[in-house]
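Trainee: Below is one structure. I have some questions about it.
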Amino acid sequence: MEKGLGKNRGFLTLMLAQLISSLGDWLSIVAIITLVGLKWEATPMEVSFIILCLAIPMALLGPFTGTIADRLNRRTLMVVSDVGRGVLILILSFASSIWTVYVCLFVIGMLSAVFVPAKNGKLKELVSEASMKSAMSFTSMIDASTKVLGPLLSGLLVTAFGTAPVFYIDAATFFVSALLLLALPKTVAVLKEHDPKEKGEATFKEEFLDGLAFIKSSRYLLVGMLVLGISLLILQLSDSQIIVLIRELTQASPDLFGFIVTASGVGMLVSGGLLAKKTDYHALSLMLLGVCGLGVSFSLLAAFTGADLAMSTVWGPALGLTAGFAAGVVFIPFQASVQTGTPVHMTGRVFGVINSVTTTATIIGPLLGGWLSTVIGVIPTFLITATLLIVISAVGYIFRNKIERGNLRESKSEQATHGAT
C-alpha cells in the first residue's frame with residue numbers, strides 16, 4: 001500500500017468498514033435467494049424481483065441521495081444507513097412472506113443509495129488528490145475480493161447452518177461497520193469558494209441543480225459516464241446469460257460457472273493491484289482499452305462455445321480472468337478521475353448520478369439480454385455484445401484526443417476562475 005495511505009488512519013478505517021459490510025452484503029444475497037428460491041419455491045419472476053427491489057431505489061434516487069450526502073454530515077449518514085440495514089436484515093431472518101422480503105430489500109436499497117455517495121464523499125475528505133488513484137484501486141479490490149469470497153462463504157454457511165444464522169451474521173457486519181465509521185472524523189475542513197450556496201444557505205433544489213450543472217459543464221465527466229453506462233448496458237446483455245451459454249457445451253463441468261465468476265473477481269483484483277501502484281495513467285485511454293478487452297473476451301467465449309471446444313475448465317476461467325481484468329481497467333480509472341476532478345462539496349451529487357446510471361444499466365441490460373437470447377440465441381447475443389464493445393472502443397479512440405483537449409481547456413479555465421477569485 002502507498003505510504004501515504006498506509007499511515008492514513010481515517011482511510012484505513014473506512015476501507016475496513018467497507019470490507020466488512022460488503023462481505024455481509026454477499027452473505028445475505030445468497031441466503032435470500034436460497035430462502036425464496038428453494039424453501040419457498042418462488043417462481044423465476046418472483047426471484048428476479050429480489051434483485052430489482054435492491055436496484056430500483058439506487059437507480060431512481062441516486063441524484064437526490066447524492067444531494068443529501070453533500071448537504072448533511074457524511075459520517076452520520078453512513079452510520080444511520082448501516083444501522084438501518086442491519087435492523088432490516090434481522091427482520092428478514094423472521095420473514096414469513098415474500099412481500100416482507102420485497103419491502104425490506106426496497107428500503108435496504110434506499111439506504112444503500114444514501115451510503116454510496118456519502119462514502120465517496122467521505123473518501124474525498126480523507127484522501128489527498130495525490131493518493132486518490134491508489135485509494136480508488138483499493139476500494140475496487142475490496143469489492144472484487146468480497147465478490148469472490150462472499151458467495152463461497154455464504155454457500156458454506158447456508159449449507160451448514162441454514163439461512164437464519166447467515167442473516168444474523170450479515171446484520172452483525174453492518175453494526176460492526178457502523179461502529180468503525182463512528183471512529184472517523186466527523187467533519188474535515190474543506191476550502192470553499194466564498195459563495196452563499198456553499199455556506200449551507202442554498203435550498204435542496206438549488207444544490208441539486210448545481211450538481212447537475214457541474215456534471216453538464218464537464219465534457220470529460222459526461223463522456224466517461226456515457227462510455228461507462230453504454231458499455232455496462234451492452235455488457236449486461238451477455239454477462240447475465242453466461243450460465244445459458246455454458247449449457248451450449250456438450251461436456252461442461254457443473255462448476256464451470258463458479259470458476260468463471262471466481263476468475264473474473266481475481267482479474268479485477270489483479271487490475272486493482274496494478275493500478276494502485278501505477279497511477280500515472282490517462283483514464284479515458286485505459287477505459288477504452290478495457291472496453292475493447294471485454295469485447296475480445298466475450299467474442300472468444302462465444303466462438304469457443306460455438307465450436308464446442310474441449311478443455312472448457314481451462315479456457316472458460318482464463319477468459320473470465322481476462323474479462324475481470326478488463327472490467328477493472330474500465331471502472332477504476334474512471335472513478336479515480338471523477339474523484340480527483342470533482343470538488344469535495346459536490347462529490348456526493350456526482351457519484352449519486354453515476355451510481356444511478358450504472359444501476360439502471362444493470363437493470364435494463366439483463367432484461368434485454370434475456371429477451372435477445374430467446375429471440376436470436378445466446379451465441380449471437382454474445383457476438384453482438386462483443387462487436388458493439390469493440391466498436392465503442394474504436395470510436396472512442398478516434399475522438400479521444402479531441403475530448404482530452406476539451407478537458408484541458410476546461411481545467412485551465414477553472415484554474416483561471418479560481419485565480420481571479
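Following the order of the C-alpha cells, first chain is A, next is B, and so on, with residues numbered from 1 inside each chain and ligands from 1 in the order they appear.
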Ala276 of chain A: which residues within 7 Å, counting only C-alpha atoms, same-chain residues fewer than 5 positions away excluded, as a list in words?
Mentor: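 The contact residues come out as Lys133, Ser134, Ser137 and Phe138 of chain A.
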Trainee: So the first atom is atom CA of Gln236 of chain A and the second is atom CA of Val296 of chain A; what is the distance between them in Å, to one decimal place?
Mentor: 15.1 Å
Trainee: From the set A:Ala361, A:Ile379, A:Leu184, A:Ala394, which residue has the shortest atom-to-atom contact distance to Glu125 of chain A, counting only C-alpha atoms?
Mentor: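 Ranked by minimum distance to Glu125 of chain A, first place goes to A:Leu184.
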Trainee: Could you please write out, as a compact mmCIF listing (two decimals) with C-alpha atoms, in the first residue's frame, every residue of segment 139-311 of chain A that DSSP assigns to alpha helix (DSSP H)?
Mentor:
```txt
# COMPACT_ATOMS: atom_id res chain seq x y z
CA THR A 139 -11.80 0.18 -2.87
CA SER A 140 -12.27 -1.73 -6.14
CA MET A 141 -10.03 -4.53 -4.89
CA ILE A 142 -12.21 -4.84 -1.79
CA ASP A 143 -15.33 -5.07 -3.96
CA ALA A 144 -13.71 -7.73 -6.15
CA SER A 145 -12.42 -9.82 -3.23
CA THR A 146 -15.80 -9.83 -1.46
CA LYS A 147 -17.45 -10.82 -4.74
CA VAL A 148 -15.21 -13.89 -4.81
CA LEU A 149 -15.29 -14.81 -1.11
CA GLY A 150 -18.83 -13.74 -0.17
CA PRO A 151 -20.89 -16.21 -2.23
CA LEU A 152 -18.49 -19.05 -1.42
CA LEU A 153 -18.63 -18.37 2.31
CA SER A 154 -22.40 -17.85 2.24
CA GLY A 155 -22.94 -21.14 0.41
CA LEU A 156 -20.93 -22.99 3.05
CA LEU A 157 -22.74 -21.28 5.93
CA VAL A 158 -26.23 -21.79 4.47
CA THR A 159 -25.48 -25.47 3.85
CA ALA A 160 -24.13 -25.99 7.36
CA PHE A 161 -26.46 -23.82 9.47
CA THR A 163 -30.40 -19.13 6.28
CA ALA A 164 -31.27 -17.56 9.67
CA PRO A 165 -27.72 -17.63 11.13
CA VAL A 166 -26.41 -16.07 7.89
CA PHE A 167 -28.85 -13.18 8.33
CA TYR A 168 -27.62 -12.72 11.90
CA ILE A 169 -24.01 -12.62 10.71
CA ASP A 170 -24.86 -10.12 7.96
CA ALA A 171 -26.67 -7.86 10.44
CA ALA A 172 -23.63 -8.04 12.72
CA THR A 173 -21.36 -6.93 9.85
CA PHE A 174 -23.45 -3.77 9.40
CA PHE A 175 -23.38 -2.99 13.12
CA VAL A 176 -19.59 -3.51 13.26
CA SER A 177 -19.17 -1.32 10.19
CA ALA A 178 -21.25 1.42 11.88
CA LEU A 179 -19.05 1.27 14.99
CA LEU A 180 -15.92 1.60 12.85
CA LEU A 181 -17.39 4.56 10.97
CA LEU A 182 -18.04 6.33 14.28
CA PHE A 204 -32.11 21.45 -1.63
CA LYS A 205 -33.40 22.24 -5.14
CA GLU A 206 -30.62 24.79 -5.77
CA GLU A 207 -27.90 22.37 -4.69
CA PHE A 208 -29.47 19.57 -6.72
CA LEU A 209 -29.49 21.78 -9.84
CA ASP A 210 -25.94 22.97 -9.11
CA GLY A 211 -24.79 19.36 -9.13
CA LEU A 212 -26.43 18.67 -12.49
CA ALA A 213 -24.94 21.90 -13.88
CA PHE A 214 -21.47 20.83 -12.76
CA ILE A 215 -21.83 17.47 -14.50
CA LYS A 216 -23.08 19.12 -17.70
CA SER A 217 -20.15 21.55 -17.67
CA ARG A 219 -17.13 17.19 -21.10
CA TYR A 220 -14.69 14.64 -19.71
CA LEU A 221 -17.12 13.55 -17.00
CA LEU A 222 -20.03 13.35 -19.41
CA VAL A 223 -18.08 11.31 -21.96
CA GLY A 224 -16.71 8.99 -19.29
CA MET A 225 -20.17 8.46 -17.81
CA LEU A 226 -21.60 7.86 -21.30
CA VAL A 227 -18.90 5.30 -22.16
CA LEU A 228 -19.32 3.59 -18.79
CA GLY A 229 -23.12 3.50 -18.91
CA ILE A 230 -23.44 2.29 -22.50
CA SER A 231 -20.63 -0.25 -22.14
CA LEU A 232 -22.14 -1.64 -18.94
CA LEU A 233 -25.58 -1.86 -20.55
CA ILE A 234 -24.15 -3.76 -23.54
CA LEU A 235 -22.01 -5.96 -21.28
CA GLN A 236 -25.04 -6.96 -19.21
CA LEU A 237 -26.76 -8.27 -22.35
CA SER A 238 -24.39 -11.24 -22.22
CA ASP A 239 -22.93 -11.20 -18.72
CA ILE A 242 -23.21 -16.81 -19.13
CA ILE A 243 -24.95 -19.72 -17.42
CA VAL A 244 -27.13 -20.11 -20.55
CA LEU A 245 -24.05 -20.01 -22.77
CA ILE A 246 -22.41 -22.80 -20.75
CA LEU A 256 -17.71 -24.09 -14.71
CA PHE A 257 -19.95 -21.09 -13.99
CA GLY A 258 -18.49 -20.74 -10.50
CA PHE A 259 -14.96 -21.00 -11.89
CA ILE A 260 -15.64 -18.22 -14.42
CA VAL A 261 -17.20 -15.89 -11.84
CA THR A 262 -14.35 -16.50 -9.39
CA ALA A 263 -11.75 -15.92 -12.11
CA SER A 264 -13.39 -12.63 -13.10
CA GLY A 265 -13.16 -11.47 -9.48
CA VAL A 266 -9.48 -12.43 -9.38
CA GLY A 267 -8.96 -10.49 -12.63
CA MET A 268 -10.42 -7.35 -11.05
CA LEU A 269 -8.19 -7.86 -8.02
CA VAL A 270 -5.11 -8.04 -10.25
CA SER A 271 -6.01 -4.92 -12.23
CA GLY A 272 -6.75 -3.07 -8.99
CA GLY A 273 -3.37 -4.05 -7.57
CA LEU A 274 -1.53 -2.88 -10.68
CA LEU A 275 -3.41 0.42 -10.88
CA ALA A 276 -2.78 1.07 -7.18
CA LYS A 277 0.97 1.02 -7.88
CA ALA A 283 -8.14 7.44 -17.53
CA LEU A 284 -10.03 7.66 -20.83
CA SER A 285 -7.39 5.69 -22.74
CA LEU A 286 -7.44 2.92 -20.15
CA MET A 287 -11.24 2.86 -20.09
CA LEU A 288 -11.40 2.38 -23.86
CA LEU A 289 -8.70 -0.31 -23.72
CA GLY A 290 -10.71 -2.12 -21.06
CA VAL A 291 -13.91 -1.91 -23.13
CA CYS A 292 -12.03 -3.44 -26.06
CA GLY A 293 -10.67 -6.18 -23.78
CA LEU A 294 -14.19 -7.03 -22.65
CA GLY A 295 -15.33 -7.24 -26.27
CA VAL A 296 -12.47 -9.57 -27.24
CA SER A 297 -13.07 -11.79 -24.18
CA PHE A 298 -16.78 -12.17 -24.91
CA SER A 299 -16.18 -12.82 -28.61
CA LEU A 300 -13.79 -15.65 -27.73
CA LEU A 301 -16.27 -17.08 -25.22
CA ALA A 302 -18.90 -17.18 -27.97
CA ALA A 303 -16.51 -18.60 -30.57
CA PHE A 304 -15.12 -21.34 -28.32
CA THR A 305 -18.60 -22.31 -27.16
CA GLY A 306 -19.94 -22.34 -30.72
```
Trainee: Pick out the residues sitting within 12 Å of Gln251 of chain A, and hand them over as a list in words; count only C-alpha atoms, and ignore anything fewer than 2 positions along from it in its own chain.
Mentor: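 Contacts, in chain order: Ile246, Arg247, Glu248, Leu249, Ser253, Pro254, Asp255, Leu256, Thr305, Asp308, Leu309, Ala310, Met311, Ser312 and Thr313 of chain A.
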Trainee: I need the chosen residues saved as a tab-separated table (two decimals), in the first residue's frame, with N, CA, C and O atoms.
Mentor:
```tsv
chain	number	residue	atom	x	y	z
A	246	ILE	N	-23.09	-21.57	-21.18
A	246	ILE	CA	-22.41	-22.80	-20.75
A	246	ILE	C	-23.24	-24.02	-21.12
A	246	ILE	O	-22.69	-25.09	-21.44
A	247	ARG	N	-24.55	-23.89	-21.10
A	247	ARG	CA	-25.42	-25.03	-21.43
A	247	ARG	C	-25.27	-25.46	-22.88
A	247	ARG	O	-25.67	-26.58	-23.24
A	248	GLU	N	-24.69	-24.62	-23.71
A	248	GLU	CA	-24.48	-24.97	-25.11
A	248	GLU	C	-23.34	-25.98	-25.29
A	248	GLU	O	-23.22	-26.60	-26.34
A	249	LEU	N	-22.49	-26.10	-24.29
A	249	LEU	CA	-21.37	-27.05	-24.36
A	249	LEU	C	-21.87	-28.47	-24.07
A	249	LEU	O	-22.68	-28.67	-23.16
A	253	SER	N	-18.37	-28.76	-17.18
A	253	SER	CA	-18.34	-29.10	-15.76
A	253	SER	C	-19.45	-28.36	-15.03
A	253	SER	O	-19.73	-27.20	-15.32
A	254	PRO	N	-20.11	-29.01	-14.07
A	254	PRO	CA	-21.16	-28.33	-13.29
A	254	PRO	C	-20.63	-27.11	-12.55
A	254	PRO	O	-21.39	-26.20	-12.21
A	255	ASP	N	-19.32	-27.10	-12.29
A	255	ASP	CA	-18.70	-26.00	-11.55
A	255	ASP	C	-18.14	-24.90	-12.45
A	255	ASP	O	-17.53	-23.95	-11.96
A	256	LEU	N	-18.33	-25.03	-13.77
A	256	LEU	CA	-17.71	-24.09	-14.71
A	256	LEU	C	-18.16	-22.66	-14.46
A	256	LEU	O	-17.35	-21.72	-14.49
A	305	THR	N	-17.38	-21.56	-27.48
A	305	THR	CA	-18.60	-22.31	-27.16
A	305	THR	C	-19.27	-22.81	-28.43
A	305	THR	O	-19.74	-23.95	-28.49
A	308	ASP	N	-17.75	-25.73	-29.62
A	308	ASP	CA	-17.80	-26.80	-28.61
A	308	ASP	C	-16.39	-27.28	-28.26
A	308	ASP	O	-16.12	-28.49	-28.19
A	309	LEU	N	-15.52	-26.31	-28.03
A	309	LEU	CA	-14.11	-26.59	-27.77
A	309	LEU	C	-13.94	-27.35	-26.46
A	309	LEU	O	-14.61	-27.04	-25.46
A	310	ALA	N	-13.08	-28.34	-26.46
A	310	ALA	CA	-12.80	-29.11	-25.25
A	310	ALA	C	-11.99	-28.27	-24.26
A	310	ALA	O	-11.57	-27.16	-24.57
A	311	MET	N	-11.78	-28.80	-23.07
A	311	MET	CA	-10.99	-28.14	-22.02
A	311	MET	C	-11.63	-26.82	-21.58
A	311	MET	O	-10.95	-25.82	-21.35
A	312	SER	N	-12.96	-26.81	-21.46
A	312	SER	CA	-13.66	-25.57	-21.09
A	312	SER	C	-13.29	-25.11	-19.68
A	312	SER	O	-13.39	-23.92	-19.37
A	313	THR	N	-12.86	-26.05	-18.83
A	313	THR	CA	-12.45	-25.65	-17.48
A	313	THR	C	-11.14	-24.89	-17.48
A	313	THR	O	-10.73	-24.34	-16.46
```
Trainee: Nearest to Ile354 of chain A: which of A:Val338, A:Val80, A:Leu72, A:Met136 is it, counting only C-alpha atoms?
Mentor: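 Among the listed residues, A:Val338 lies closest to Ile354 of chain A.
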Trainee: Could you check the closest approach to Leu368 of chain A for each of A:Asp280, A:Ile33, A:Thr385, A:Thr76 and tell me which residue wins, using only C-alpha atoms?
Mentor: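 For Leu368 of chain A, the nearest of the candidates is A:Thr385.
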Trainee: Using atom CA of Pro117 of chain A and atom CA of Thr340 of chain A as the two end points, give the distance in Å to one decimal.
Mentor: 14.9 Å
Trainee: Counting only C-alpha atoms, figure out which residue out of A:Gln18, A:Thr13, A:Thr362, A:Thr387 gets nearest to Ser240 of chain A.
Mentor: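 With only C-alpha atoms as the atom set, the closest residue is A:Thr362.
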Trainee: Grab the atom CA of Ala69 of chain A to atom CA of Lys119 of chain A distance for me, in Å with one decimal place.
Mentor: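 Here the two named atoms are 8.7 Å from each other.
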Trainee: Of the candidates A:Ile98, A:Val127, A:Asn355, A:Phe331, which one gets nearest to Glu46 of chain A if we count only C-alpha atoms?
Mentor: A:Ile98
